[in-house]
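Worksheet: the structure to be examined is printed underneath.
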Amino acid sequence: GGNSSKCDPPKLLECKNADLSSANLIGANLGRANLDGADLSAANLTGADLSSANLIGADLSSANLTGADLFFADLIGADLSSANLIGADLVGADLSTANLSGADLSGASLSGHYKANLSGANLSNANLSGAYLYSLEFFGADLSYANLSGANLATASFAGANLSFANLTDANLNDVAWLDANLSGATMPDGTIHEQLIEERQADGVRGLMTLPQKIPMPPCCPLFAAQALPLLEGD
């Protein structure tokens, strides 16, 4: 369209609905750029400055955003499926209803003086290992099969979130709120499967975690950590 011509560097500011798929934008200065609905699929945005950028509904699927600055970026409803966000700064970013399925957010920072909004986000199969997720709200988010090992989730809220078969090994879960969260089949920080934890806590009279079925059917093709935990579920 007519807007695409404006999207050649260094004038990457007004890029609504622009086609920048597979573009080389390494280290680009896109702070405050309007990329509403833009196609950035498979683009290389390594180390790019996208702070306060408008990326509402943008297609960033399979994009490389390693170490990118997405501070306060507006990513509502954006497609970040299979994107590489290793070490990215997402503090204050609005990721509500965004699709982050299969994305790699290992070592990413989403919390600080300001917190990222992940309400209703799809984080299924996402890698959040070692991510800084302190006190974040995951209201209604899908974290099924997500890798949260070693993540800092202290004081986070998972109200209504789906964490089925998530890997929480060595994660910091201090003072986490679990109201109506689904933790079926999840691997807890100490390596036990969630259902066993529920049973033990109920026996000890401890409240606060959702009561869930004691055994759940194991899907035919599940991540390695769940497969390794199968003997635990079967009581061997």
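Residue numbering restarts at 1 in every chain; chains get A, B, ... in the order shown in the structure tokens, and ligands count up from 1 in that same order.
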
Q | For Ala23 in chain A: contacts at 9 Å, only C-alpha atoms, fewer than 6 positions along chain excluded, given as a ChimeraX atom specification | A | /A:40-45

Q: Within 6 Å of Ser157 in chain A, counting only C-alpha atoms, which residues show up once you throw out same-chain ones fewer than 5 positions away? Write them as JSON, numbers by chain, please.
A: {"A": [137, 138, 176, 177]}

Residues just named, written with all heavy atoms as a PDB file, in the first residue's frame:
ATOM      1  N   GLU A 137       0.184 -10.487  36.701  1.00  0.00           N
ATOM      2  CA  GLU A 137      -1.185 -10.995  36.656  1.00  0.00           C
ATOM      3  C   GLU A 137      -1.356 -11.830  35.382  1.00  0.00           C
ATOM      4  O   GLU A 137      -1.159 -11.314  34.281  1.00  0.00           O
ATOM      5  CB  GLU A 137      -2.186  -9.833  36.629  1.00  0.00           C
ATOM      6  CG  GLU A 137      -2.059  -8.875  37.792  1.00  0.00           C
ATOM      7  CD  GLU A 137      -3.162  -9.067  38.834  1.00  0.00           C
ATOM      8  OE1 GLU A 137      -4.119  -9.802  38.524  1.00  0.00           O
ATOM      9  OE2 GLU A 137      -3.056  -8.501  39.925  1.00  0.00           O
ATOM     10  N   PHE A 138      -1.686 -13.113  35.588  1.00  0.00           N
ATOM     11  CA  PHE A 138      -1.907 -14.018  34.461  1.00  0.00           C
ATOM     12  C   PHE A 138      -3.389 -14.379  34.389  1.00  0.00           C
ATOM     13  O   PHE A 138      -3.742 -15.515  34.120  1.00  0.00           O
ATOM     14  CB  PHE A 138      -1.072 -15.290  34.635  1.00  0.00           C
ATOM     15  CG  PHE A 138       0.413 -15.085  34.489  1.00  0.00           C
ATOM     16  CD1 PHE A 138       1.200 -14.788  35.588  1.00  0.00           C
ATOM     17  CD2 PHE A 138       1.017 -15.188  33.247  1.00  0.00           C
ATOM     18  CE1 PHE A 138       2.569 -14.609  35.465  1.00  0.00           C
ATOM     19  CE2 PHE A 138       2.386 -15.014  33.104  1.00  0.00           C
ATOM     20  CZ  PHE A 138       3.164 -14.720  34.215  1.00  0.00           C
ATOM     21  N   VAL A 176       2.087 -16.973  45.799  1.00  0.00           N
ATOM     22  CA  VAL A 176       1.342 -16.949  44.534  1.00  0.00           C
ATOM     23  C   VAL A 176      -0.147 -17.170  44.805  1.00  0.00           C
ATOM     24  O   VAL A 176      -0.520 -17.942  45.676  1.00  0.00           O
ATOM     25  CB  VAL A 176       1.876 -18.032  43.566  1.00  0.00           C
ATOM     26  CG1 VAL A 176       0.917 -18.262  42.416  1.00  0.00           C
ATOM     27  CG2 VAL A 176       3.244 -17.633  43.037  1.00  0.00           C
ATOM     28  N   ALA A 177      -1.010 -16.467  44.064  1.00  0.00           N
ATOM     29  CA  ALA A 177      -2.459 -16.650  44.184  1.00  0.00           C
ATOM     30  C   ALA A 177      -2.932 -17.596  43.083  1.00  0.00           C
ATOM     31  O   ALA A 177      -2.676 -17.356  41.903  1.00  0.00           O
ATOM     32  CB  ALA A 177      -3.168 -15.303  44.058  1.00  0.00           C
TER      33      ALA A 177
END

(Q) Just want the 7 Å neighbourhood of range 139-141 of chain A, counted on only C-alpha atoms, with same-chain residues fewer than 6 positions away dropped. Output as a list in words. (A) Leu118, Ser119, Gly120, Ala121, Asn122, Ser157, Phe158, Ala159, Gly160, Ala161 and Asn162 of chain A

Written selection (N, CA, C and O atoms) as a PDB file, in the first residue's frame:
ATOM      1  N   LEU A 118      -0.484  -9.679  31.056  1.00  0.00           N
ATOM      2  CA  LEU A 118      -0.596 -10.944  30.328  1.00  0.00           C
ATOM      3  C   LEU A 118      -1.997 -11.539  30.444  1.00  0.00           C
ATOM      4  O   LEU A 118      -2.188 -12.727  30.224  1.00  0.00           O
ATOM      5  N   SER A 119      -2.981 -10.718  30.785  1.00  0.00           N
ATOM      6  CA  SER A 119      -4.347 -11.211  30.932  1.00  0.00           C
ATOM      7  C   SER A 119      -4.847 -11.805  29.619  1.00  0.00           C
ATOM      8  O   SER A 119      -4.756 -11.175  28.565  1.00  0.00           O
ATOM      9  N   GLY A 120      -5.334 -13.036  29.691  1.00  0.00           N
ATOM     10  CA  GLY A 120      -5.909 -13.688  28.521  1.00  0.00           C
ATOM     11  C   GLY A 120      -4.907 -14.043  27.448  1.00  0.00           C
ATOM     12  O   GLY A 120      -5.285 -14.421  26.337  1.00  0.00           O
ATOM     13  N   ALA A 121      -3.601 -13.946  27.759  1.00  0.00           N
ATOM     14  CA  ALA A 121      -2.580 -14.267  26.756  1.00  0.00           C
ATOM     15  C   ALA A 121      -2.463 -15.781  26.565  1.00  0.00           C
ATOM     16  O   ALA A 121      -2.718 -16.556  27.484  1.00  0.00           O
ATOM     17  N   ASN A 122      -2.077 -16.186  25.361  1.00  0.00           N
ATOM     18  CA  ASN A 122      -1.829 -17.604  25.067  1.00  0.00           C
ATOM     19  C   ASN A 122      -0.330 -17.852  25.163  1.00  0.00           C
ATOM     20  O   ASN A 122       0.434 -17.443  24.296  1.00  0.00           O
ATOM     21  N   SER A 157      -0.273 -13.656  40.268  1.00  0.00           N
ATOM     22  CA  SER A 157      -1.652 -14.138  40.354  1.00  0.00           C
ATOM     23  C   SER A 157      -2.006 -14.933  39.108  1.00  0.00           C
ATOM     24  O   SER A 157      -1.848 -14.451  37.987  1.00  0.00           O
ATOM     25  N   PHE A 158      -2.475 -16.165  39.347  1.00  0.00           N
ATOM     26  CA  PHE A 158      -2.871 -17.046  38.248  1.00  0.00           C
ATOM     27  C   PHE A 158      -4.375 -17.306  38.293  1.00  0.00           C
ATOM     28  O   PHE A 158      -4.827 -18.393  37.962  1.00  0.00           O
ATOM     29  N   ALA A 159      -5.142 -16.316  38.698  1.00  0.00           N
ATOM     30  CA  ALA A 159      -6.589 -16.485  38.805  1.00  0.00           C
ATOM     31  C   ALA A 159      -7.174 -16.910  37.457  1.00  0.00           C
ATOM     32  O   ALA A 159      -6.977 -16.247  36.446  1.00  0.00           O
ATOM     33  N   GLY A 160      -7.835 -18.065  37.460  1.00  0.00           N
ATOM     34  CA  GLY A 160      -8.489 -18.552  36.256  1.00  0.00           C
ATOM     35  C   GLY A 160      -7.547 -18.991  35.155  1.00  0.00           C
ATOM     36  O   GLY A 160      -7.975 -19.232  34.025  1.00  0.00           O
ATOM     37  N   ALA A 161      -6.246 -19.097  35.464  1.00  0.00           N
ATOM     38  CA  ALA A 161      -5.270 -19.467  34.431  1.00  0.00           C
ATOM     39  C   ALA A 161      -5.179 -20.978  34.265  1.00  0.00           C
ATOM     40  O   ALA A 161      -5.476 -21.739  35.184  1.00  0.00           O
ATOM     41  N   ASN A 162      -4.769 -21.410  33.076  1.00  0.00           N
ATOM     42  CA  ASN A 162      -4.585 -22.833  32.791  1.00  0.00           C
ATOM     43  C   ASN A 162      -3.093 -23.150  32.795  1.00  0.00           C
ATOM     44  O   ASN A 162      -2.355 -22.730  31.907  1.00  0.00           O
TER      45      ASN A 162
END

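Closest approach to Leu90 in chain A among A:Asp59, A:Asp69, A:Asp180, A:Asp74 is made by A:Asp69 (distances from only C-alpha atoms).
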
Per residue of range 11-64 of chain A within 10 Å of range 94-97 of chain A, record the nearest atom pair and its distance in Å to one decimal, counting only C-alpha atoms, with rows in chain order and ascending residue number, as a tab-separated table.
residue	atom	partner	partner_atom	distance
A:Ser52	CA	A:Asp94	CA	9.9
A:Leu55	CA	A:Asp94	CA	9.7
A:Ile56	CA	A:Leu95	CA	9.2
A:Gly57	CA	A:Thr97	CA	9.8

Keeping N, CA and C atoms, export the residues of the selection given above as a PDB file, in the first residue's frame.
ATOM      1  N   SER A  52       7.557   1.606  23.672  1.00  0.00           N
ATOM      2  CA  SER A  52       6.322   2.388  23.486  1.00  0.00           C
ATOM      3  C   SER A  52       5.758   2.316  22.068  1.00  0.00           C
ATOM      4  N   LEU A  55       2.033  -1.901  18.496  1.00  0.00           N
ATOM      5  CA  LEU A  55       2.091  -3.164  17.761  1.00  0.00           C
ATOM      6  C   LEU A  55       0.781  -3.934  17.929  1.00  0.00           C
ATOM      7  N   ILE A  56      -0.305  -3.198  18.111  1.00  0.00           N
ATOM      8  CA  ILE A  56      -1.609  -3.832  18.309  1.00  0.00           C
ATOM      9  C   ILE A  56      -1.952  -4.686  17.093  1.00  0.00           C
ATOM     10  N   GLY A  57      -2.217  -5.965  17.335  1.00  0.00           N
ATOM     11  CA  GLY A  57      -2.621  -6.861  16.258  1.00  0.00           C
ATOM     12  C   GLY A  57      -1.542  -7.135  15.230  1.00  0.00           C
TER      13      GLY A  57
END

Q) Given the choices A:Thr187, A:Asn117, A:Asn34, A:Thr66, which gets closest to Gly47 in chain A if the distance is worked out from only C-alpha atoms? A)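 Smallest separation from Gly47 in chain A among the options: A:Thr66.
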
Q: Extract, using only C-alpha atoms, all DNA, RNA and protein residues at most 10 Å from range 165-169 of chain A, discarding same-chain residues fewer than 5 positions from it, and format them as a PyMOL selection string.
A: chain A and resi 124-129+143-151+153+182-194+218-219+222-223+225-226

Q: Compare A:Gly112, A:Gly107, A:Gly102, A:Gly27 by their minimum atom-to-atom distance to Ser61 in chain A, counting only C-alpha atoms, and give me the closest one.
A: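 Closest to Ser61 in chain A of all the choices is A:Gly102.
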
Q | For CA of Asp19 in chain A and CA of Ala68 in chain A, the interatomic separation in Å (one decimal) | A |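 Between CA of Asp19 in chain A and CA of Ala68 in chain A the gap is 19.8 Å.
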
Q: List every residue of range 57-224 of chain A that DSSP, applied to the backbone of this structure, assigns to strand (DSSP E or B), and report them as number ranges by chain.
A: A: 59, 64, 69, 74, 79, 84, 89, 94, 99, 104, 109, 111, 115, 117, 122, 127, 132, 137, 142, 147, 152, 157, 162, 167, 172, 177, 182, 187, 193

(Q) What's the separation between CA of Ser111 in chain A and CA of Asn84 in chain A, in Å to one decimal place? (A)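 Result for CA of Ser111 in chain A versus CA of Asn84 in chain A: 18.4 Å, one decimal.
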
Q: Return the single residue from A:Leu133, A:Ala63, A:Leu179, A:Ala83 that is closest to Ala156 in chain A, with distances computed using only C-alpha atoms.
A: A:Leu133

Q.
What's the separation between CA of Val91 in chain A and CA of Tyr134 in chain A, in Å to one decimal place?
A.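 Computing it gives 10.9 Å between the two atoms.
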
Q | Residues of range 12-217 of chain A in helix (DSSP H, G or I), written as a ChimeraX atom specification | A | /A:194-203

Write a file of the selected residues as a PDB file, in the first residue's frame, keeping all heavy atoms.
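Below is the file that was written, selection-v8.pdb:
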ATOM      1  N   HIS A 194       1.386 -32.092  40.637  1.00  0.00           N
ATOM      2  CA  HIS A 194       0.471 -31.287  41.443  1.00  0.00           C
ATOM      3  C   HIS A 194      -0.556 -32.093  42.218  1.00  0.00           C
ATOM      4  O   HIS A 194      -0.842 -31.798  43.366  1.00  0.00           O
ATOM      5  CB  HIS A 194      -0.245 -30.278  40.545  1.00  0.00           C
ATOM      6  CG  HIS A 194      -1.263 -29.457  41.289  1.00  0.00           C
ATOM      7  ND1 HIS A 194      -2.602 -29.644  41.131  1.00  0.00           N
ATOM      8  CD2 HIS A 194      -1.122 -28.486  42.208  1.00  0.00           C
ATOM      9  CE1 HIS A 194      -3.249 -28.794  41.915  1.00  0.00           C
ATOM     10  NE2 HIS A 194      -2.375 -28.073  42.567  1.00  0.00           N
ATOM     11  N   GLU A 195      -1.112 -33.148  41.601  1.00  0.00           N
ATOM     12  CA  GLU A 195      -2.163 -33.904  42.269  1.00  0.00           C
ATOM     13  C   GLU A 195      -1.682 -34.498  43.601  1.00  0.00           C
ATOM     14  O   GLU A 195      -2.410 -34.522  44.578  1.00  0.00           O
ATOM     15  CB  GLU A 195      -2.683 -35.021  41.354  1.00  0.00           C
ATOM     16  CG  GLU A 195      -3.698 -34.533  40.326  1.00  0.00           C
ATOM     17  CD  GLU A 195      -3.091 -33.555  39.340  1.00  0.00           C
ATOM     18  OE1 GLU A 195      -1.888 -33.654  39.048  1.00  0.00           O
ATOM     19  OE2 GLU A 195      -3.829 -32.673  38.878  1.00  0.00           O
ATOM     20  N   GLN A 196      -0.443 -34.960  43.657  1.00  0.00           N
ATOM     21  CA  GLN A 196       0.091 -35.497  44.897  1.00  0.00           C
ATOM     22  C   GLN A 196       0.197 -34.414  45.954  1.00  0.00           C
ATOM     23  O   GLN A 196      -0.113 -34.626  47.116  1.00  0.00           O
ATOM     24  CB  GLN A 196       1.486 -36.104  44.652  1.00  0.00           C
ATOM     25  CG  GLN A 196       1.468 -37.342  43.774  1.00  0.00           C
ATOM     26  CD  GLN A 196       2.872 -37.914  43.620  1.00  0.00           C
ATOM     27  OE1 GLN A 196       3.826 -37.170  43.481  1.00  0.00           O
ATOM     28  NE2 GLN A 196       2.975 -39.220  43.648  1.00  0.00           N
ATOM     29  N   LEU A 197       0.611 -33.228  45.534  1.00  0.00           N
ATOM     30  CA  LEU A 197       0.744 -32.100  46.450  1.00  0.00           C
ATOM     31  C   LEU A 197      -0.602 -31.774  47.086  1.00  0.00           C
ATOM     32  O   LEU A 197      -0.706 -31.552  48.289  1.00  0.00           O
ATOM     33  CB  LEU A 197       1.294 -30.898  45.689  1.00  0.00           C
ATOM     34  CG  LEU A 197       1.673 -29.666  46.502  1.00  0.00           C
ATOM     35  CD1 LEU A 197       2.922 -29.940  47.317  1.00  0.00           C
ATOM     36  CD2 LEU A 197       1.888 -28.470  45.605  1.00  0.00           C
ATOM     37  N   ILE A 198      -1.660 -31.765  46.258  1.00  0.00           N
ATOM     38  CA  ILE A 198      -3.010 -31.483  46.747  1.00  0.00           C
ATOM     39  C   ILE A 198      -3.390 -32.489  47.831  1.00  0.00           C
ATOM     40  O   ILE A 198      -3.881 -32.134  48.896  1.00  0.00           O
ATOM     41  CB  ILE A 198      -4.034 -31.554  45.584  1.00  0.00           C
ATOM     42  CG1 ILE A 198      -3.916 -30.308  44.709  1.00  0.00           C
ATOM     43  CG2 ILE A 198      -5.454 -31.688  46.097  1.00  0.00           C
ATOM     44  CD1 ILE A 198      -4.409 -29.046  45.371  1.00  0.00           C
ATOM     45  N   GLU A 199      -3.151 -33.757  47.553  1.00  0.00           N
ATOM     46  CA  GLU A 199      -3.514 -34.818  48.489  1.00  0.00           C
ATOM     47  C   GLU A 199      -2.804 -34.615  49.820  1.00  0.00           C
ATOM     48  O   GLU A 199      -3.403 -34.681  50.884  1.00  0.00           O
ATOM     49  CB  GLU A 199      -3.136 -36.176  47.877  1.00  0.00           C
ATOM     50  CG  GLU A 199      -3.953 -37.338  48.413  1.00  0.00           C
ATOM     51  CD  GLU A 199      -3.774 -38.598  47.570  1.00  0.00           C
ATOM     52  OE1 GLU A 199      -3.042 -38.542  46.561  1.00  0.00           O
ATOM     53  OE2 GLU A 199      -4.378 -39.597  47.933  1.00  0.00           O
ATOM     54  N   GLU A 200      -1.503 -34.343  49.743  1.00  0.00           N
ATOM     55  CA  GLU A 200      -0.729 -34.152  50.967  1.00  0.00           C
ATOM     56  C   GLU A 200      -1.208 -32.932  51.736  1.00  0.00           C
ATOM     57  O   GLU A 200      -1.350 -32.961  52.958  1.00  0.00           O
ATOM     58  CB  GLU A 200       0.760 -33.993  50.615  1.00  0.00           C
ATOM     59  CG  GLU A 200       1.401 -35.271  50.096  1.00  0.00           C
ATOM     60  CD  GLU A 200       2.711 -34.995  49.377  1.00  0.00           C
ATOM     61  OE1 GLU A 200       3.208 -33.847  49.465  1.00  0.00           O
ATOM     62  OE2 GLU A 200       3.225 -35.928  48.732  1.00  0.00           O
ATOM     63  N   ARG A 201      -1.467 -31.846  51.025  1.00  0.00           N
ATOM     64  CA  ARG A 201      -1.875 -30.613  51.712  1.00  0.00           C
ATOM     65  C   ARG A 201      -3.258 -30.768  52.344  1.00  0.00           C
ATOM     66  O   ARG A 201      -3.513 -30.229  53.409  1.00  0.00           O
ATOM     67  CB  ARG A 201      -1.861 -29.434  50.737  1.00  0.00           C
ATOM     68  CG  ARG A 201      -0.462 -29.104  50.265  1.00  0.00           C
ATOM     69  CD  ARG A 201      -0.306 -27.647  49.928  1.00  0.00           C
ATOM     70  NE  ARG A 201       1.095 -27.344  49.685  1.00  0.00           N
ATOM     71  CZ  ARG A 201       1.568 -26.122  49.485  1.00  0.00           C
ATOM     72  NH1 ARG A 201       0.744 -25.107  49.531  1.00  0.00           N
ATOM     73  NH2 ARG A 201       2.839 -25.910  49.275  1.00  0.00           N
ATOM     74  N   GLN A 202      -4.135 -31.488  51.646  1.00  0.00           N
ATOM     75  CA  GLN A 202      -5.456 -31.713  52.228  1.00  0.00           C
ATOM     76  C   GLN A 202      -5.319 -32.538  53.503  1.00  0.00           C
ATOM     77  O   GLN A 202      -5.991 -32.280  54.496  1.00  0.00           O
ATOM     78  CB  GLN A 202      -6.357 -32.438  51.216  1.00  0.00           C
ATOM     79  CG  GLN A 202      -6.867 -31.501  50.134  1.00  0.00           C
ATOM     80  CD  GLN A 202      -7.712 -32.229  49.105  1.00  0.00           C
ATOM     81  OE1 GLN A 202      -7.560 -33.429  48.923  1.00  0.00           O
ATOM     82  NE2 GLN A 202      -8.575 -31.500  48.427  1.00  0.00           N
ATOM     83  N   ALA A 203      -4.424 -33.515  53.474  1.00  0.00           N
ATOM     84  CA  ALA A 203      -4.207 -34.355  54.650  1.00  0.00           C
ATOM     85  C   ALA A 203      -3.680 -33.513  55.807  1.00  0.00           C
ATOM     86  O   ALA A 203      -3.995 -33.764  56.971  1.00  0.00           O
ATOM     87  CB  ALA A 203      -3.228 -35.475  54.321  1.00  0.00           C
TER      88      ALA A 203
END
